[in-house]
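Containing PDB, C-alpha atoms, pLDDT in the B column: query-v2.pdb.
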```pdb
ATOM      1  CA  MET Z   1       0.000   0.000   0.000  1.00 90.00           C
ATOM      2  CA  THR Z   2       1.165   3.540  -0.664  1.00 93.00           C
ATOM      3  CA  PHE Z   3       0.158   6.817   0.953  1.00 93.00           C
ATOM      4  CA  GLN Z   4      -0.050  10.176  -0.769  1.00 93.00           C
ATOM      5  CA  SER Z   5       0.418  13.599   0.747  1.00 91.00           C
ATOM      6  CA  ILE Z   6      -2.073  15.986  -0.807  1.00 91.00           C
ATOM      7  CA  ASN Z   7      -1.610  19.741  -0.874  1.00 90.00           C
ATOM      8  CA  PRO Z   8      -4.883  20.987   0.696  1.00 91.00           C
ATOM      9  CA  THR Z   9      -4.711  24.244  -1.266  1.00 88.00           C
ATOM     10  CA  THR Z  10      -4.362  22.699  -4.713  1.00 89.00           C
ATOM     11  CA  GLY Z  11      -5.717  19.207  -4.100  1.00 92.00           C
ATOM     12  CA  GLU Z  12      -2.654  17.844  -5.910  1.00 92.00           C
ATOM     13  CA  PRO Z  13      -0.465  15.049  -4.518  1.00 92.00           C
ATOM     14  CA  PHE Z  14       3.117  16.148  -3.821  1.00 88.00           C
ATOM     15  CA  ALA Z  15       4.667  13.051  -2.213  1.00 91.00           C
ATOM     16  CA  THR Z  16       4.080   9.303  -2.088  1.00 93.00           C
ATOM     17  CA  TYR Z  17       5.210   6.952   0.674  1.00 93.00           C
ATOM     18  CA  ASP Z  18       5.315   3.161   0.773  1.00 95.00           C
ATOM     19  CA  GLU Z  19       3.893   1.338   3.772  1.00 95.00           C
ATOM     20  CA  TRP Z  20       6.601  -0.234   5.916  1.00 95.00           C
ATOM     21  CA  PRO Z  21       6.543  -3.981   6.632  1.00 96.00           C
ATOM     22  CA  THR Z  22       5.831  -4.956  10.251  1.00 96.00           C
ATOM     23  CA  GLU Z  23       9.446  -6.040  10.800  1.00 97.00           C
ATOM     24  CA  VAL Z  24      10.761  -2.618   9.777  1.00 97.00           C
ATOM     25  CA  VAL Z  25       8.301  -0.835  12.083  1.00 96.00           C
ATOM     26  CA  GLN Z  26       9.265  -3.094  14.996  1.00 97.00           C
ATOM     27  CA  ASP Z  27      12.964  -2.453  14.333  1.00 97.00           C
ATOM     28  CA  VAL Z  28      12.436   1.320  14.254  1.00 96.00           C
ATOM     29  CA  VAL Z  29      10.362   1.257  17.451  1.00 97.00           C
ATOM     30  CA  GLY Z  30      13.077  -0.781  19.179  1.00 97.00           C
ATOM     31  CA  LYS Z  31      15.783   1.680  18.111  1.00 97.00           C
ATOM     32  CA  VAL Z  32      13.701   4.654  19.229  1.00 96.00           C
ATOM     33  CA  HIS Z  33      13.114   3.019  22.618  1.00 97.00           C
ATOM     34  CA  ARG Z  34      16.851   2.393  23.088  1.00 96.00           C
ATOM     35  CA  ASP Z  35      17.560   6.019  22.155  1.00 95.00           C
ATOM     36  CA  TYR Z  36      14.893   7.179  24.607  1.00 94.00           C
ATOM     37  CA  LEU Z  37      16.524   5.197  27.419  1.00 95.00           C
ATOM     38  CA  ALA Z  38      19.890   6.794  26.604  1.00 93.00           C
ATOM     39  CA  TRP Z  39      18.291  10.262  26.348  1.00 91.00           C
ATOM     40  CA  ARG Z  40      16.874   9.911  29.858  1.00 91.00           C
ATOM     41  CA  GLN Z  41      20.451   9.781  31.143  1.00 92.00           C
ATOM     42  CA  THR Z  42      21.552  12.864  29.185  1.00 90.00           C
ATOM     43  CA  GLY Z  43      22.435  15.888  31.302  1.00 87.00           C
ATOM     44  CA  PHE Z  44      20.964  19.361  30.989  1.00 84.00           C
ATOM     45  CA  ASP Z  45      24.073  20.940  29.457  1.00 85.00           C
ATOM     46  CA  HIS Z  46      24.146  18.464  26.567  1.00 89.00           C
ATOM     47  CA  ARG Z  47      20.404  18.811  25.980  1.00 87.00           C
ATOM     48  CA  ALA Z  48      20.709  22.598  26.072  1.00 86.00           C
ATOM     49  CA  SER Z  49      23.443  22.475  23.449  1.00 88.00           C
ATOM     50  CA  LEU Z  50      21.221  20.373  21.193  1.00 89.00           C
ATOM     51  CA  MET Z  51      18.271  22.745  21.703  1.00 88.00           C
ATOM     52  CA  ARG Z  52      20.443  25.767  20.824  1.00 90.00           C
ATOM     53  CA  ASN Z  53      21.469  23.949  17.663  1.00 92.00           C
ATOM     54  CA  ALA Z  54      17.815  23.171  16.870  1.00 92.00           C
ATOM     55  CA  ALA Z  55      16.884  26.835  17.386  1.00 93.00           C
ATOM     56  CA  ASP Z  56      19.663  27.906  15.008  1.00 93.00           C
ATOM     57  CA  ILE Z  57      18.504  25.409  12.374  1.00 94.00           C
ATOM     58  CA  LEU Z  58      14.878  26.535  12.714  1.00 93.00           C
ATOM     59  CA  ASN Z  59      15.856  30.183  12.268  1.00 94.00           C
ATOM     60  CA  ARG Z  60      18.215  29.468   9.379  1.00 95.00           C
ATOM     61  CA  ASN Z  61      15.687  27.304   7.492  1.00 95.00           C
ATOM     62  CA  ALA Z  62      12.428  29.006   8.506  1.00 95.00           C
ATOM     63  CA  ARG Z  63      11.441  29.710   4.888  1.00 96.00           C
ATOM     64  CA  ASP Z  64      12.003  26.082   3.835  1.00 95.00           C
ATOM     65  CA  TYR Z  65       9.901  24.838   6.753  1.00 94.00           C
ATOM     66  CA  ALA Z  66       7.219  27.393   5.854  1.00 95.00           C
ATOM     67  CA  LYS Z  67       7.066  25.989   2.304  1.00 93.00           C
ATOM     68  CA  LEU Z  68       6.654  22.487   3.702  1.00 92.00           C
ATOM     69  CA  MET Z  69       3.856  23.674   6.027  1.00 93.00           C
ATOM     70  CA  ALA Z  70       2.179  25.323   3.043  1.00 92.00           C
ATOM     71  CA  GLU Z  71       2.294  22.076   1.058  1.00 91.00           C
ATOM     72  CA  GLU Z  72       1.251  19.799   3.899  1.00 90.00           C
ATOM     73  CA  MET Z  73      -1.285  21.983   5.729  1.00 91.00           C
ATOM     74  CA  GLY Z  74      -2.160  24.846   3.404  1.00 91.00           C
ATOM     75  CA  LYS Z  75      -0.612  27.332   5.844  1.00 93.00           C
ATOM     76  CA  PRO Z  76       0.288  30.716   4.321  1.00 94.00           C
ATOM     77  CA  LEU Z  77       4.065  31.164   3.951  1.00 95.00           C
ATOM     78  CA  GLN Z  78       4.227  34.178   6.249  1.00 96.00           C
ATOM     79  CA  GLU Z  79       2.502  32.215   9.023  1.00 95.00           C
ATOM     80  CA  GLY Z  80       4.823  29.242   8.470  1.00 94.00           C
ATOM     81  CA  VAL Z  81       7.900  31.443   8.829  1.00 96.00           C
ATOM     82  CA  ALA Z  82       6.424  32.950  12.001  1.00 95.00           C
ATOM     83  CA  GLU Z  83       5.737  29.465  13.402  1.00 94.00           C
ATOM     84  CA  ALA Z  84       9.297  28.268  12.763  1.00 94.00           C
ATOM     85  CA  GLU Z  85      10.695  31.433  14.362  1.00 95.00           C
ATOM     86  CA  LYS Z  86       8.327  31.045  17.329  1.00 93.00           C
ATOM     87  CA  CYS Z  87       9.543  27.478  17.897  1.00 92.00           C
ATOM     88  CA  ALA Z  88      13.161  28.652  17.752  1.00 92.00           C
ATOM     89  CA  LYS Z  89      12.447  31.409  20.257  1.00 91.00           C
ATOM     90  CA  LEU Z  90      10.642  28.977  22.560  1.00 88.00           C
ATOM     91  CA  ALA Z  91      13.601  26.580  22.459  1.00 84.00           C
ATOM     92  CA  SER Z  92      15.966  29.425  23.373  1.00 82.00           C
ATOM     93  CA  THR Z  93      13.659  30.782  26.092  1.00 82.00           C
ATOM     94  CA  LEU Z  94      13.300  27.410  27.791  1.00 77.00           C
ATOM     95  CA  LEU Z  95      17.062  27.205  28.118  1.00 76.00           C
ATOM     96  CA  LYS Z  96      17.090  30.362  30.227  1.00 74.00           C
ATOM     97  CA  THR Z  97      14.807  28.906  32.895  1.00 62.00           C
ATOM     98  CA  ARG Z  98      16.488  25.744  34.121  1.00 59.00           C
ATOM     99  CA  ARG Z  99      14.391  24.010  36.738  1.00 55.00           C
ATOM    100  CA  THR Z 100      16.074  21.675  39.126  1.00 51.00           C
ATOM    101  CA  SER Z 101      12.915  19.895  40.225  1.00 53.00           C
ATOM    102  CA  CYS Z 102       9.183  19.812  39.696  1.00 58.00           C
ATOM    103  CA  HIS Z 103       6.192  17.914  40.988  1.00 56.00           C
ATOM    104  CA  VAL Z 104       3.977  15.552  39.033  1.00 60.00           C
ATOM    105  CA  TYR Z 105       0.296  15.624  39.937  1.00 67.00           C
ATOM    106  CA  ARG Z 106      -2.201  12.854  39.310  1.00 63.00           C
ATOM    107  CA  TYR Z 107      -5.901  13.279  40.000  1.00 62.00           C
ATOM    108  CA  GLY Z 108      -5.228  16.576  41.775  1.00 63.00           C
ATOM    109  CA  ARG Z 109      -2.732  15.098  44.248  1.00 64.00           C
ATOM    110  CA  ARG Z 110       1.032  15.276  44.207  1.00 64.00           C
ATOM    111  CA  HIS Z 111       2.254  11.978  42.804  1.00 54.00           C
ATOM    112  CA  ALA Z 112       6.017  12.380  42.461  1.00 55.00           C
ATOM    113  CA  ARG Z 113       8.881  14.833  42.543  1.00 57.00           C
ATOM    114  CA  LEU Z 114      11.214  14.978  39.569  1.00 53.00           C
ATOM    115  CA  SER Z 115      14.700  16.352  40.041  1.00 50.00           C
TER     116      SER Z 115
END
```
Would you put the structure from the file into structure tokens?
Amino acid sequence: MTFQSINPTTGEPFATYDEWPTEVVQDVVGKVHRDYLAWRQTGFDHRASLMRNAADILNRNARDYAKLMAEEMGKPLQEGVAEAEKCAKLASTLLKTRRTSCHVYRYGRRHARLS
């Protein structure tokens, strides 16, 4: 089976993707899970460095991402650029407010403290 991405503005297909076999999906999920387990052990400084890099990439390529958003979602280019820039700014802003701990609430009651 194949899947098509349709531009909602024009109604025209712009990309086609083949369905992955079950074995490929299971392999990808396993790799993602292993990466997630490693990521959990990653310190703030390393994560912050990666987020700064992501913010730089978003700013540098905002117009390209806006074109993709226009094709995939019908979003006007100007709004797509603004969204990419907003995400970059958010990534940078979050780095300025490092929290050392927070509480997790479940059903209105404190469930756990994360440090």
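Applied to the file shown here, the PyMOL selection byres ((chain Z and resi 55-66) around 6) selects the residues Arg52, Asn53, Ala54, Lys67, Leu68, Met69, Leu77, Gly80, Val81, Ala84, Glu85 and Ala88 of chain Z.
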Long-range neighbours of Lys96 of chain Z as a list of chain:residue names, 12 Å cut-off, all atoms listed in the file, 6 positions minimum in chain: Z:Phe44, Z:Asp45, Z:Ala48, Z:Met51, Z:Arg52, Z:Lys89, Z:Leu90
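Interatomic distance, atom CA of Ala15 of chain Z against atom CA of Met73 of chain Z: 13.4 Å.
Separating atom CA of His46 of chain Z from atom CA of Arg34 of chain Z is a distance of 18.0 Å.
Atom CA of Glu71 of chain Z lies 7.3 Å from atom CA of Pro8 of chain Z.
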Test item: residues at most 8 Å from Glu19 of chain Z, all atoms listed in the file, excluding those fewer than 4 positions along its chain, as an MDAnalysis selection string: chainID Z and resid 1:3
Output C-alpha atoms of each residue in that selection to a file, as a JSON list (two decimals), keeping the file's coordinate frame.
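Written out: selection.json:
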```
[["chain", "number", "residue", "atom", "x", "y", "z"],
["Z", 1, "MET", "CA", 0.00, 0.00, 0.00],
["Z", 2, "THR", "CA", 1.16, 3.54, -0.66],
["Z", 3, "PHE", "CA", 0.16, 6.82, 0.95]]
```
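Closest to Leu95 of chain Z among Z:Ser49, Z:Gln26, Z:Asp35, Z:Trp20 is Z:Ser49, based on only C-alpha atoms.
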The centre and edge lengths of an axis-aligned box containing all atoms of segment 56-59 of chain Z present in the file, extended by 6 Å on each side, are to be given in Å to one decimal, as JSON.
```
{"center_x": 17.3, "center_y": 27.8, "center_z": 13.6, "size_x": 16.8, "size_y": 16.8, "size_z": 14.7}
```
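The shell of residues at most 8 Å from Ser5 of chain Z, with all atoms listed in the file counted and near chain neighbours (fewer than 2 positions) removed, consists of Z:Phe3, Z:Asn7, Z:Pro13, Z:Phe14, Z:Ala15, Z:Thr16, Z:Glu72.
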How about saving the chosen residues, C-alpha atoms kept, as a PDB file, in the frame of the given file?
```pdb
ATOM      1  CA  PHE Z   3       0.158   6.817   0.953  1.00 93.00           C
ATOM      2  CA  ASN Z   7      -1.610  19.741  -0.874  1.00 90.00           C
ATOM      3  CA  PRO Z  13      -0.465  15.049  -4.518  1.00 92.00           C
ATOM      4  CA  PHE Z  14       3.117  16.148  -3.821  1.00 88.00           C
ATOM      5  CA  ALA Z  15       4.667  13.051  -2.213  1.00 91.00           C
ATOM      6  CA  THR Z  16       4.080   9.303  -2.088  1.00 93.00           C
ATOM      7  CA  GLU Z  72       1.251  19.799   3.899  1.00 90.00           C
TER       8      GLU Z  72
END
```
